[in-house]
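structure20.pdb (PDB, C-alpha atoms and all ligand atoms) appears below.
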```
MODEL        1
ATOM      1  CA  MET A   1     165.284  62.769  40.089  1.00  0.00           C
ATOM      2  CA  SER A   2     167.945  64.948  38.541  1.00  0.00           C
ATOM      3  CA  LEU A   3     168.738  68.272  40.134  1.00  0.00           C
ATOM      4  CA  GLY A   4     167.433  71.424  38.550  1.00  0.00           C
ATOM      5  CA  ARG A   5     169.932  73.667  36.835  1.00  0.00           C
ATOM      6  CA  PHE A   6     169.982  77.431  36.976  1.00  0.00           C
ATOM      7  CA  LEU A   7     170.741  79.303  33.737  1.00  0.00           C
ATOM      8  CA  THR A   8     170.779  83.088  33.393  1.00  0.00           C
ATOM      9  CA  LEU A   9     170.923  85.372  30.350  1.00  0.00           C
ATOM     10  CA  GLU A  10     172.730  88.684  30.541  1.00  0.00           C
ATOM     11  CA  GLY A  11     173.630  91.578  28.294  1.00  0.00           C
ATOM     12  CA  ILE A  12     172.670  95.141  27.482  1.00  0.00           C
ATOM     13  CA  GLU A  13     169.274  96.187  26.065  1.00  0.00           C
ATOM     14  CA  GLY A  14     168.503  94.549  22.749  1.00  0.00           C
ATOM     15  CA  ALA A  15     171.236  91.909  23.069  1.00  0.00           C
ATOM     16  CA  GLY A  16     168.654  89.154  22.596  1.00  0.00           C
ATOM     17  CA  LYS A  17     168.216  87.899  26.187  1.00  0.00           C
ATOM     18  CA  SER A  18     164.451  87.423  26.030  1.00  0.00           C
ATOM     19  CA  THR A  19     164.650  85.854  22.564  1.00  0.00           C
ATOM     20  CA  VAL A  20     167.380  83.437  23.643  1.00  0.00           C
ATOM     21  CA  ALA A  21     165.639  82.663  26.951  1.00  0.00           C
ATOM     22  CA  ARG A  22     162.538  81.555  25.021  1.00  0.00           C
ATOM     23  CA  PHE A  23     164.730  79.524  22.679  1.00  0.00           C
ATOM     24  CA  ALA A  24     166.439  77.772  25.620  1.00  0.00           C
ATOM     25  CA  HIS A  25     163.064  77.022  27.175  1.00  0.00           C
ATOM     26  CA  GLU A  26     161.758  75.486  23.945  1.00  0.00           C
ATOM     27  CA  TRP A  27     165.001  73.568  23.367  1.00  0.00           C
ATOM     28  CA  LEU A  28     164.762  72.008  26.830  1.00  0.00           C
ATOM     29  CA  SER A  29     161.014  71.339  26.598  1.00  0.00           C
ATOM     30  CA  ALA A  30     161.579  69.524  23.285  1.00  0.00           C
ATOM     31  CA  ARG A  31     163.949  67.206  25.172  1.00  0.00           C
ATOM     32  CA  GLY A  32     161.511  66.565  27.974  1.00  0.00           C
ATOM     33  CA  VAL A  33     163.310  68.792  30.484  1.00  0.00           C
ATOM     34  CA  ARG A  34     160.980  70.674  32.796  1.00  0.00           C
ATOM     35  CA  ALA A  35     162.067  74.291  32.894  1.00  0.00           C
ATOM     36  CA  VAL A  36     160.643  77.542  34.221  1.00  0.00           C
ATOM     37  CA  LEU A  37     161.162  80.674  32.151  1.00  0.00           C
ATOM     38  CA  THR A  38     161.363  83.806  34.250  1.00  0.00           C
ATOM     39  CA  ARG A  39     162.928  87.259  34.425  1.00  0.00           C
ATOM     40  CA  GLU A  40     164.342  89.918  36.694  1.00  0.00           C
ATOM     41  CA  PRO A  41     163.486  92.263  38.145  1.00  0.00           C
ATOM     42  CA  GLY A  42     160.176  90.451  38.598  1.00  0.00           C
ATOM     43  CA  GLY A  43     159.145  86.881  37.899  1.00  0.00           C
ATOM     44  CA  THR A  44     156.372  86.670  40.520  1.00  0.00           C
ATOM     45  CA  PRO A  45     153.300  88.897  40.960  1.00  0.00           C
ATOM     46  CA  LEU A  46     154.806  90.729  43.916  1.00  0.00           C
ATOM     47  CA  ALA A  47     158.273  91.043  42.395  1.00  0.00           C
ATOM     48  CA  GLU A  48     156.693  92.361  39.178  1.00  0.00           C
ATOM     49  CA  ARG A  49     155.213  95.182  41.250  1.00  0.00           C
ATOM     50  CA  VAL A  50     158.719  96.065  42.409  1.00  0.00           C
ATOM     51  CA  ARG A  51     159.799  95.909  38.745  1.00  0.00           C
ATOM     52  CA  GLU A  52     157.254  98.572  37.896  1.00  0.00           C
ATOM     53  CA  ILE A  53     158.604 100.858  40.595  1.00  0.00           C
ATOM     54  CA  VAL A  54     162.164 100.472  39.417  1.00  0.00           C
ATOM     55  CA  LEU A  55     161.598 100.584  35.634  1.00  0.00           C
ATOM     56  CA  GLN A  56     158.782 103.060  35.131  1.00  0.00           C
ATOM     57  CA  PRO A  57     160.020 106.529  34.287  1.00  0.00           C
ATOM     58  CA  GLY A  58     158.643 109.174  36.627  1.00  0.00           C
ATOM     59  CA  SER A  59     159.279 112.673  37.831  1.00  0.00           C
ATOM     60  CA  GLU A  60     160.699 111.603  41.186  1.00  0.00           C
ATOM     61  CA  PRO A  61     164.336 110.497  41.002  1.00  0.00           C
ATOM     62  CA  VAL A  62     165.320 107.002  42.173  1.00  0.00           C
ATOM     63  CA  PRO A  63     168.675 107.254  43.991  1.00  0.00           C
ATOM     64  CA  SER A  64     171.169 104.553  42.984  1.00  0.00           C
ATOM     65  CA  GLU A  65     171.063 102.999  46.435  1.00  0.00           C
ATOM     66  CA  ALA A  66     167.271 102.766  46.264  1.00  0.00           C
ATOM     67  CA  GLU A  67     167.539 101.189  42.830  1.00  0.00           C
ATOM     68  CA  LEU A  68     170.019  98.657  44.187  1.00  0.00           C
ATOM     69  CA  LEU A  69     167.835  97.771  47.177  1.00  0.00           C
ATOM     70  CA  LEU A  70     164.731  97.448  45.001  1.00  0.00           C
ATOM     71  CA  MET A  71     166.585  95.050  42.691  1.00  0.00           C
ATOM     72  CA  PHE A  72     167.577  92.883  45.631  1.00  0.00           C
ATOM     73  CA  ALA A  73     164.120  93.171  47.217  1.00  0.00           C
ATOM     74  CA  ALA A  74     162.562  91.849  44.004  1.00  0.00           C
ATOM     75  CA  ARG A  75     165.258  89.151  43.842  1.00  0.00           C
ATOM     76  CA  ALA A  76     164.610  87.976  47.415  1.00  0.00           C
ATOM     77  CA  ILE A  77     160.909  87.552  46.591  1.00  0.00           C
ATOM     78  CA  HIS A  78     161.688  85.830  43.290  1.00  0.00           C
ATOM     79  CA  LEU A  79     164.105  83.405  44.950  1.00  0.00           C
ATOM     80  CA  ALA A  80     161.678  82.539  47.752  1.00  0.00           C
ATOM     81  CA  SER A  81     158.520  82.145  45.663  1.00  0.00           C
ATOM     82  CA  LEU A  82     159.832  80.819  42.375  1.00  0.00           C
ATOM     83  CA  ILE A  83     163.536  80.072  41.866  1.00  0.00           C
ATOM     84  CA  ARG A  84     164.297  77.977  44.955  1.00  0.00           C
ATOM     85  CA  PRO A  85     161.034  75.982  44.835  1.00  0.00           C
ATOM     86  CA  ALA A  86     161.521  75.182  41.127  1.00  0.00           C
ATOM     87  CA  LEU A  87     165.105  74.026  41.639  1.00  0.00           C
ATOM     88  CA  ALA A  88     163.989  71.960  44.638  1.00  0.00           C
ATOM     89  CA  ARG A  89     161.412  70.220  42.429  1.00  0.00           C
ATOM     90  CA  GLY A  90     164.234  69.307  40.062  1.00  0.00           C
ATOM     91  CA  GLU A  91     163.200  71.790  37.394  1.00  0.00           C
ATOM     92  CA  TRP A  92     165.523  74.054  35.476  1.00  0.00           C
ATOM     93  CA  VAL A  93     165.240  77.790  35.885  1.00  0.00           C
ATOM     94  CA  ILE A  94     165.990  80.015  32.905  1.00  0.00           C
ATOM     95  CA  CYS A  95     166.188  83.583  34.099  1.00  0.00           C
ATOM     96  CA  ASP A  96     166.420  86.700  31.945  1.00  0.00           C
ATOM     97  CA  ARG A  97     168.891  88.752  34.092  1.00  0.00           C
ATOM     98  CA  PHE A  98     170.080  88.103  37.652  1.00  0.00           C
ATOM     99  CA  THR A  99     172.757  89.473  40.007  1.00  0.00           C
ATOM    100  CA  ASP A 100     175.307  89.959  37.218  1.00  0.00           C
ATOM    101  CA  ALA A 101     172.908  92.601  35.864  1.00  0.00           C
ATOM    102  CA  THR A 102     172.998  94.344  39.236  1.00  0.00           C
ATOM    103  CA  ARG A 103     176.798  94.259  39.155  1.00  0.00           C
ATOM    104  CA  ALA A 104     176.865  95.632  35.608  1.00  0.00           C
ATOM    105  CA  TYR A 105     174.060  98.240  35.826  1.00  0.00           C
ATOM    106  CA  GLN A 106     174.096  99.441  39.424  1.00  0.00           C
ATOM    107  CA  GLY A 107     177.813  98.738  39.891  1.00  0.00           C
ATOM    108  CA  ALA A 108     179.637  99.556  36.648  1.00  0.00           C
ATOM    109  CA  GLY A 109     176.818 101.705  35.228  1.00  0.00           C
ATOM    110  CA  ARG A 110     175.723 103.755  38.236  1.00  0.00           C
ATOM    111  CA  GLY A 111     178.904 103.511  40.262  1.00  0.00           C
ATOM    112  CA  VAL A 112     177.487 101.828  43.373  1.00  0.00           C
ATOM    113  CA  ALA A 113     180.309 100.302  45.469  1.00  0.00           C
ATOM    114  CA  GLU A 114     181.090  96.721  44.486  1.00  0.00           C
ATOM    115  CA  ASP A 115     181.438  95.509  48.054  1.00  0.00           C
ATOM    116  CA  LEU A 116     177.941  96.734  48.902  1.00  0.00           C
ATOM    117  CA  ILE A 117     176.523  94.738  45.980  1.00  0.00           C
ATOM    118  CA  GLU A 118     178.461  91.627  46.988  1.00  0.00           C
ATOM    119  CA  ARG A 119     177.301  91.921  50.600  1.00  0.00           C
ATOM    120  CA  LEU A 120     173.676  92.168  49.511  1.00  0.00           C
ATOM    121  CA  ALA A 121     174.125  89.253  47.106  1.00  0.00           C
ATOM    122  CA  ALA A 122     175.523  87.155  49.941  1.00  0.00           C
ATOM    123  CA  VAL A 123     172.550  88.012  52.153  1.00  0.00           C
ATOM    124  CA  VAL A 124     169.885  87.539  49.474  1.00  0.00           C
ATOM    125  CA  HIS A 125     171.070  84.442  47.664  1.00  0.00           C
ATOM    126  CA  GLY A 126     174.021  83.145  49.667  1.00  0.00           C
ATOM    127  CA  ASP A 127     175.818  80.523  47.641  1.00  0.00           C
ATOM    128  CA  LEU A 128     173.017  80.028  45.127  1.00  0.00           C
ATOM    129  CA  TRP A 129     174.608  81.290  41.910  1.00  0.00           C
ATOM    130  CA  PRO A 130     173.641  80.361  38.362  1.00  0.00           C
ATOM    131  CA  ASP A 131     175.215  77.135  37.117  1.00  0.00           C
ATOM    132  CA  ARG A 132     175.758  78.855  33.798  1.00  0.00           C
ATOM    133  CA  THR A 133     175.366  82.420  32.561  1.00  0.00           C
ATOM    134  CA  VAL A 134     175.207  83.355  28.902  1.00  0.00           C
ATOM    135  CA  LEU A 135     176.494  86.853  28.268  1.00  0.00           C
ATOM    136  CA  LEU A 136     175.117  88.133  24.973  1.00  0.00           C
ATOM    137  CA  ASP A 137     177.670  90.727  23.995  1.00  0.00           C
ATOM    138  CA  LEU A 138     177.362  93.263  21.202  1.00  0.00           C
ATOM    139  CA  PRO A 139     178.239  96.875  20.467  1.00  0.00           C
ATOM    140  CA  VAL A 140     176.046  99.299  22.411  1.00  0.00           C
ATOM    141  CA  ARG A 141     174.709 101.019  19.301  1.00  0.00           C
ATOM    142  CA  GLU A 142     173.527  97.750  17.790  1.00  0.00           C
ATOM    143  CA  GLY A 143     171.799  96.731  20.999  1.00  0.00           C
ATOM    144  CA  LEU A 144     170.064 100.067  21.441  1.00  0.00           C
ATOM    145  CA  ALA A 145     168.958 100.100  17.787  1.00  0.00           C
ATOM    146  CA  ARG A 146     167.397  96.643  18.226  1.00  0.00           C
ATOM    147  CA  ALA A 147     165.720  97.602  21.494  1.00  0.00           C
ATOM    148  CA  ARG A 148     164.340 100.803  20.016  1.00  0.00           C
ATOM    149  CA  GLY A 149     163.266  98.917  16.901  1.00  0.00           C
ATOM    150  CA  ARG A 150     160.753  97.009  19.023  1.00  0.00           C
ATOM    151  CA  GLY A 151     158.752 100.201  19.354  1.00  0.00           C
ATOM    152  CA  ALA A 152     157.897  99.834  23.049  1.00  0.00           C
ATOM    153  CA  ALA A 153     158.116 102.912  25.291  1.00  0.00           C
ATOM    154  CA  ALA A 154     161.588 103.347  26.830  1.00  0.00           C
ATOM    155  CA  ASP A 155     161.918 102.291  30.471  1.00  0.00           C
ATOM    156  CA  ARG A 156     164.050 104.155  33.026  1.00  0.00           C
ATOM    157  CA  PHE A 157     167.224 102.389  31.892  1.00  0.00           C
ATOM    158  CA  GLU A 158     166.536 102.653  28.180  1.00  0.00           C
ATOM    159  CA  GLN A 159     166.376 106.416  28.637  1.00  0.00           C
ATOM    160  CA  GLU A 160     170.060 106.399  29.585  1.00  0.00           C
ATOM    161  CA  ARG A 161     172.678 107.534  27.094  1.00  0.00           C
ATOM    162  CA  GLU A 162     175.369 105.516  25.332  1.00  0.00           C
ATOM    163  CA  PRO A 163     178.222 106.139  27.821  1.00  0.00           C
ATOM    164  CA  PHE A 164     176.095 104.490  30.526  1.00  0.00           C
ATOM    165  CA  PHE A 165     175.636 101.361  28.399  1.00  0.00           C
ATOM    166  CA  GLU A 166     179.332 101.345  27.477  1.00  0.00           C
ATOM    167  CA  ARG A 167     180.132 101.123  31.188  1.00  0.00           C
ATOM    168  CA  VAL A 168     177.528  98.377  31.614  1.00  0.00           C
ATOM    169  CA  ARG A 169     178.965  96.420  28.686  1.00  0.00           C
ATOM    170  CA  GLU A 170     182.515  96.788  30.044  1.00  0.00           C
ATOM    171  CA  GLY A 171     181.236  95.717  33.457  1.00  0.00           C
ATOM    172  CA  TYR A 172     179.760  92.549  31.967  1.00  0.00           C
ATOM    173  CA  LEU A 173     182.963  91.763  30.050  1.00  0.00           C
ATOM    174  CA  ALA A 174     184.997  92.201  33.232  1.00  0.00           C
ATOM    175  CA  LEU A 175     182.702  89.750  35.039  1.00  0.00           C
ATOM    176  CA  ALA A 176     183.096  87.219  32.211  1.00  0.00           C
ATOM    177  CA  ALA A 177     186.871  87.556  32.490  1.00  0.00           C
ATOM    178  CA  GLN A 178     186.711  87.039  36.273  1.00  0.00           C
ATOM    179  CA  GLU A 179     184.424  83.994  36.121  1.00  0.00           C
ATOM    180  CA  PRO A 180     185.153  82.271  32.818  1.00  0.00           C
ATOM    181  CA  SER A 181     183.877  78.873  33.962  1.00  0.00           C
ATOM    182  CA  ARG A 182     180.399  80.229  34.772  1.00  0.00           C
ATOM    183  CA  ILE A 183     179.927  83.155  32.389  1.00  0.00           C
ATOM    184  CA  TRP A 184     180.083  82.299  28.685  1.00  0.00           C
ATOM    185  CA  ARG A 185     180.290  85.190  26.284  1.00  0.00           C
ATOM    186  CA  ILE A 186     178.535  84.858  22.955  1.00  0.00           C
ATOM    187  CA  ASP A 187     178.941  87.341  20.124  1.00  0.00           C
ATOM    188  CA  ALA A 188     175.349  88.558  19.926  1.00  0.00           C
ATOM    189  CA  SER A 189     175.946  90.606  16.785  1.00  0.00           C
ATOM    190  CA  GLN A 190     175.876  87.312  14.851  1.00  0.00           C
ATOM    191  CA  PRO A 191     172.642  86.266  13.130  1.00  0.00           C
ATOM    192  CA  LEU A 192     170.170  84.826  15.618  1.00  0.00           C
ATOM    193  CA  GLU A 193     170.600  81.279  14.206  1.00  0.00           C
ATOM    194  CA  ALA A 194     174.327  81.354  15.021  1.00  0.00           C
ATOM    195  CA  VAL A 195     173.656  82.658  18.536  1.00  0.00           C
ATOM    196  CA  GLU A 196     171.062  79.941  19.110  1.00  0.00           C
ATOM    197  CA  ARG A 197     173.462  77.267  17.845  1.00  0.00           C
ATOM    198  CA  GLU A 198     175.995  78.313  20.487  1.00  0.00           C
ATOM    199  CA  VAL A 199     173.318  78.369  23.175  1.00  0.00           C
ATOM    200  CA  ALA A 200     172.195  74.865  22.183  1.00  0.00           C
ATOM    201  CA  GLU A 201     175.783  73.647  22.603  1.00  0.00           C
ATOM    202  CA  ILE A 202     175.915  75.133  26.087  1.00  0.00           C
ATOM    203  CA  LEU A 203     172.587  73.524  26.996  1.00  0.00           C
ATOM    204  CA  ALA A 204     173.686  70.167  25.643  1.00  0.00           C
ATOM    205  CA  ALA A 205     176.837  70.358  27.752  1.00  0.00           C
ATOM    206  CA  MET A 206     174.789  71.217  30.842  1.00  0.00           C
ATOM    207  CA  LEU A 207     172.366  68.305  30.409  1.00  0.00           C
TER     208      LEU A 207
HETATM  209  N1  LIG B 301     171.140  87.834  16.914  1.00  0.00           N
HETATM  210  C1  LIG B 301     170.166  88.675  16.533  1.00  0.00           C
HETATM  211  N2  LIG B 301     170.207  89.276  15.325  1.00  0.00           N
HETATM  212  C2  LIG B 301     169.266  90.142  14.951  1.00  0.00           C
HETATM  213  N3  LIG B 301     168.206  90.507  15.714  1.00  0.00           N
HETATM  214  C3  LIG B 301     168.101  89.940  16.923  1.00  0.00           C
HETATM  215  C4  LIG B 301     169.063  89.006  17.404  1.00  0.00           C
HETATM  216  N4  LIG B 301     168.710  88.621  18.653  1.00  0.00           N
HETATM  217  C5  LIG B 301     167.578  89.286  18.928  1.00  0.00           C
HETATM  218  N5  LIG B 301     167.202  90.074  17.899  1.00  0.00           N
HETATM  219  C6  LIG B 301     166.043  90.984  17.831  1.00  0.00           C
HETATM  220  O1  LIG B 301     166.400  92.148  18.567  1.00  0.00           O
HETATM  221  C7  LIG B 301     165.301  92.619  19.331  1.00  0.00           C
HETATM  222  C8  LIG B 301     165.678  92.626  20.808  1.00  0.00           C
HETATM  223  O2  LIG B 301     165.784  91.279  21.270  1.00  0.00           O
HETATM  224  P1  LIG B 301     165.326  90.901  22.751  1.00  0.00           P
HETATM  225  O3  LIG B 301     164.027  91.542  23.068  1.00  0.00           O
HETATM  226  O4  LIG B 301     165.433  89.422  22.893  1.00  0.00           O
HETATM  227  O5  LIG B 301     166.508  91.613  23.573  1.00  0.00           O
HETATM  228  P2  LIG B 301     166.678  91.759  25.139  1.00  0.00           P
HETATM  229  O6  LIG B 301     168.122  91.508  25.404  1.00  0.00           O
HETATM  230  O7  LIG B 301     165.689  90.920  25.840  1.00  0.00           O
HETATM  231  O8  LIG B 301     166.375  93.308  25.342  1.00  0.00           O
HETATM  232  P3  LIG B 301     165.878  94.077  26.685  1.00  0.00           P
HETATM  233  O9  LIG B 301     167.051  94.154  27.583  1.00  0.00           O
HETATM  234  O10 LIG B 301     165.513  95.438  26.187  1.00  0.00           O
HETATM  235  O11 LIG B 301     164.730  93.293  27.232  1.00  0.00           O
HETATM  236  C9  LIG B 301     164.134  91.712  19.008  1.00  0.00           C
HETATM  237  O12 LIG B 301     163.365  92.330  18.021  1.00  0.00           O
HETATM  238  C10 LIG B 301     164.798  90.442  18.496  1.00  0.00           C
HETATM  239  O13 LIG B 301     163.984  89.759  17.586  1.00  0.00           O
HETATM  240 MG    MG B 302     164.190  91.407  27.170  1.00  0.00          MG
ENDMDL
END
```
For this file, produce the structure as structure tokens.
Ligand SMILES: Nc1ncnc2c1ncn2[C@@H]1O[C@H](COP(=O)(O)OP(=O)(O)OP(=O)(O)O)[C@@H](O)[C@H]1O
Ligand SMILES: [Mg+2]
Amino acid sequence: MSLGRFLTLEGIEGAGKSTVARFAHEWLSARGVRAVLTREPGGTPLAERVREIVLQPGSEPVPSEAELLLMFAARAIHLASLIRPALARGEWVICDRFTDATRAYQGAGRGVAEDLIERLAAVVHGDLWPDRTVLLDLPVREGLARARGRGAAADRFEQEREPFFERVREGYLALAAQEPSRIWRIDASQPLEAVEREVAEILAAML
């Protein structure tokens, strides 16, 4: 049995992560590849409860360190109950956000110390990193316009202002520059068909 592969989608709000994750899942299913489609924070019933805590706007502030720990708490649950078992069964895991999002949002966005994030990553997932990460990159304004165009109520991150997302975007681009063999940047301002064509090429290469 072939080994499962681990693919993650990253990018700011409205970049197209969820759309592309569904596309990747369908593309693989059409080729007989068993794949699990999941997301972070969340992905399991318990981890989704942590997601609610961290995303729901409320009157009580969530300190950056608490936000960071909640992200990794949800991730530890997700890894134990879903990601590791699926990979062990030989299935692919397609995950909408993972630790690169923590580096970009809590690190570059909120200013949490990088070494703290890396230490937690080492504890929570050790050497299990995505085989491939697709970074959907686009100007902040375009992403926010798309996200707001969906009409859903803004979560705690979506309530942030543009300079926050500029830092997040820059954080992602810096990660892609540091790890070019894992993180593949796609210009997400292209029409969806062009984005999906590039994703299909990446998937074909991974198969
Ligand atoms: N390349 C594209 N061109 C135009 N519209 C797109 C493109 N990709 C996605 N969209 C649309 O933009 C909106 C946001 O896409 P999607 O929900 O996949 O983004 P996301 O990255 O998952 O956002 P979030 O971080 O808020 O979950 C959707 O309405 C989607 O149909
Ligand atoms: Mg999404």
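The spacing separating atom CA of A:Glu196 from atom CA of A:Val33 amounts to 17.7 Å.
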What do you get as a PyMOL selection string if you pick all residues at most 9 Å from ligand MG 302 (chain B), counting only C-alpha atoms and all ligand atoms?
-> chain A and resi 13-19+21+39+96-97+147
Among the residues A:Ser64, A:Thr44, A:Thr99, A:Ser29, the one that comes closest to A:Leu175 [using only C-alpha atoms] |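 Of all the options, A:Thr99 lies closest to A:Leu175.
Going from atom CA of A:Glu26 to atom CA of A:Ile202 covers 14.3 Å.
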For A:Ala101, list every protein, DNA or RNA residue within 8 Å, evaluated using all atoms listed in the file, and leave out those in the same chain fewer than 6 positions away; present the list as a tab-separated table (two decimals) with C-alpha atoms, keeping the file's coordinate frame.
```tsv
chain	number	residue	atom	x	y	z
A	10	GLU	CA	172.73	88.68	30.54
A	11	GLY	CA	173.63	91.58	28.29
A	172	TYR	CA	179.76	92.55	31.97
```
Using all atoms listed in the file, which of the listed residues (A:Arg49, A:Arg103, A:Arg89, A:Arg22) sits closest to ligand LIG 301 (chain B)?
->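 Residue with the minimum atom-to-atom distance to ligand LIG 301 (chain B): A:Arg22.
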Write out as a PyMOL selection string the residues lying within 8 Å of A:Val36, counting all atoms listed in the file and excluding same-chain residues fewer than 6 positions away.
-> chain A and resi 25+86+91-94
List the residues selected by the PyMOL selection byres (((chain A and resi 160) around 12) and not hetatm) in the file shown, writing them as a VMD selection string.
-> chain A and resid 12 to 13 55 57 105 109 to 110 140 144 154 to 159 161 to 168
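You will find atom CA of A:Gly171 at 12.2 Å from atom CA of A:Val112.
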Starting from the displayed file, determine the output of the PyMOL selection byres (((chain A and resi 204) around 12) and not hetatm) and express the residue list as a PyMOL selection string.
-> chain A and resi 24+27-28+31+33+197-203+205-207
Measuring atom to atom with only C-alpha atoms, identify which of A:Glu142, A:Glu114, A:Glu193, A:Asp137 is nearest to A:Ala176.
->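 Checking each of A:Glu142, A:Glu114, A:Glu193, A:Asp137 against A:Ala176, counting only C-alpha atoms, the winner is A:Asp137.
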Residues picked by the PyMOL selection byres (((chain A and resi 40) around 8) and not hetatm) here, as a PyMOL selection string?
-> chain A and resi 38-39+41-43+51+74-75+95-98
Because some atoms of stretch 173-191 of chain A are absent here, can you restore N, CA and C atoms and send them as a PDB file, in the frame of the given file?
```
ATOM      1  N   LEU A 173     181.778  92.443  30.596  1.00  0.00           N
ATOM      2  CA  LEU A 173     182.963  91.763  30.050  1.00  0.00           C
ATOM      3  C   LEU A 173     183.986  91.495  31.157  1.00  0.00           C
ATOM      4  N   ALA A 174     184.076  92.415  32.106  1.00  0.00           N
ATOM      5  CA  ALA A 174     184.997  92.201  33.232  1.00  0.00           C
ATOM      6  C   ALA A 174     184.535  91.010  34.075  1.00  0.00           C
ATOM      7  N   LEU A 175     183.229  90.893  34.270  1.00  0.00           N
ATOM      8  CA  LEU A 175     182.702  89.750  35.039  1.00  0.00           C
ATOM      9  C   LEU A 175     183.018  88.439  34.319  1.00  0.00           C
ATOM     10  N   ALA A 176     182.833  88.437  32.992  1.00  0.00           N
ATOM     11  CA  ALA A 176     183.096  87.219  32.211  1.00  0.00           C
ATOM     12  C   ALA A 176     184.572  86.835  32.313  1.00  0.00           C
ATOM     13  N   ALA A 177     185.436  87.845  32.367  1.00  0.00           N
ATOM     14  CA  ALA A 177     186.871  87.556  32.490  1.00  0.00           C
ATOM     15  C   ALA A 177     187.202  87.011  33.879  1.00  0.00           C
ATOM     16  N   GLN A 178     186.467  87.496  34.894  1.00  0.00           N
ATOM     17  CA  GLN A 178     186.711  87.039  36.273  1.00  0.00           C
ATOM     18  C   GLN A 178     186.183  85.641  36.522  1.00  0.00           C
ATOM     19  N   GLU A 179     185.081  85.291  35.862  1.00  0.00           N
ATOM     20  CA  GLU A 179     184.424  83.994  36.121  1.00  0.00           C
ATOM     21  C   GLU A 179     184.204  83.228  34.821  1.00  0.00           C
ATOM     22  N   PRO A 180     185.299  82.882  34.148  1.00  0.00           N
ATOM     23  CA  PRO A 180     185.153  82.271  32.818  1.00  0.00           C
ATOM     24  C   PRO A 180     184.478  80.896  32.841  1.00  0.00           C
ATOM     25  N   SER A 181     184.500  80.202  33.971  1.00  0.00           N
ATOM     26  CA  SER A 181     183.877  78.873  33.962  1.00  0.00           C
ATOM     27  C   SER A 181     182.354  78.972  34.098  1.00  0.00           C
ATOM     28  N   ARG A 182     181.857  80.057  34.663  1.00  0.00           N
ATOM     29  CA  ARG A 182     180.399  80.229  34.772  1.00  0.00           C
ATOM     30  C   ARG A 182     179.827  81.078  33.641  1.00  0.00           C
ATOM     31  N   ILE A 183     180.494  82.189  33.339  1.00  0.00           N
ATOM     32  CA  ILE A 183     179.927  83.155  32.389  1.00  0.00           C
ATOM     33  C   ILE A 183     180.513  82.926  31.000  1.00  0.00           C
ATOM     34  N   TRP A 184     179.644  82.570  30.050  1.00  0.00           N
ATOM     35  CA  TRP A 184     180.083  82.299  28.685  1.00  0.00           C
ATOM     36  C   TRP A 184     179.641  83.437  27.789  1.00  0.00           C
ATOM     37  N   ARG A 185     180.604  84.072  27.170  1.00  0.00           N
ATOM     38  CA  ARG A 185     180.290  85.190  26.284  1.00  0.00           C
ATOM     39  C   ARG A 185     179.965  84.667  24.887  1.00  0.00           C
ATOM     40  N   ILE A 186     178.887  85.172  24.334  1.00  0.00           N
ATOM     41  CA  ILE A 186     178.535  84.858  22.955  1.00  0.00           C
ATOM     42  C   ILE A 186     178.472  86.169  22.190  1.00  0.00           C
ATOM     43  N   ASP A 187     179.000  86.157  20.975  1.00  0.00           N
ATOM     44  CA  ASP A 187     178.941  87.341  20.124  1.00  0.00           C
ATOM     45  C   ASP A 187     177.505  87.486  19.617  1.00  0.00           C
ATOM     46  N   ALA A 188     176.781  88.416  20.223  1.00  0.00           N
ATOM     47  CA  ALA A 188     175.349  88.558  19.926  1.00  0.00           C
ATOM     48  C   ALA A 188     175.098  89.417  18.695  1.00  0.00           C
ATOM     49  N   SER A 189     176.167  89.872  18.034  1.00  0.00           N
ATOM     50  CA  SER A 189     175.946  90.606  16.785  1.00  0.00           C
ATOM     51  C   SER A 189     175.828  89.625  15.616  1.00  0.00           C
ATOM     52  N   GLN A 190     176.066  88.333  15.886  1.00  0.00           N
ATOM     53  CA  GLN A 190     175.876  87.312  14.851  1.00  0.00           C
ATOM     54  C   GLN A 190     174.380  87.170  14.553  1.00  0.00           C
ATOM     55  N   PRO A 191     174.052  86.565  13.398  1.00  0.00           N
ATOM     56  CA  PRO A 191     172.642  86.266  13.130  1.00  0.00           C
ATOM     57  C   PRO A 191     172.079  85.378  14.247  1.00  0.00           C
TER      58      PRO A 191
END
```
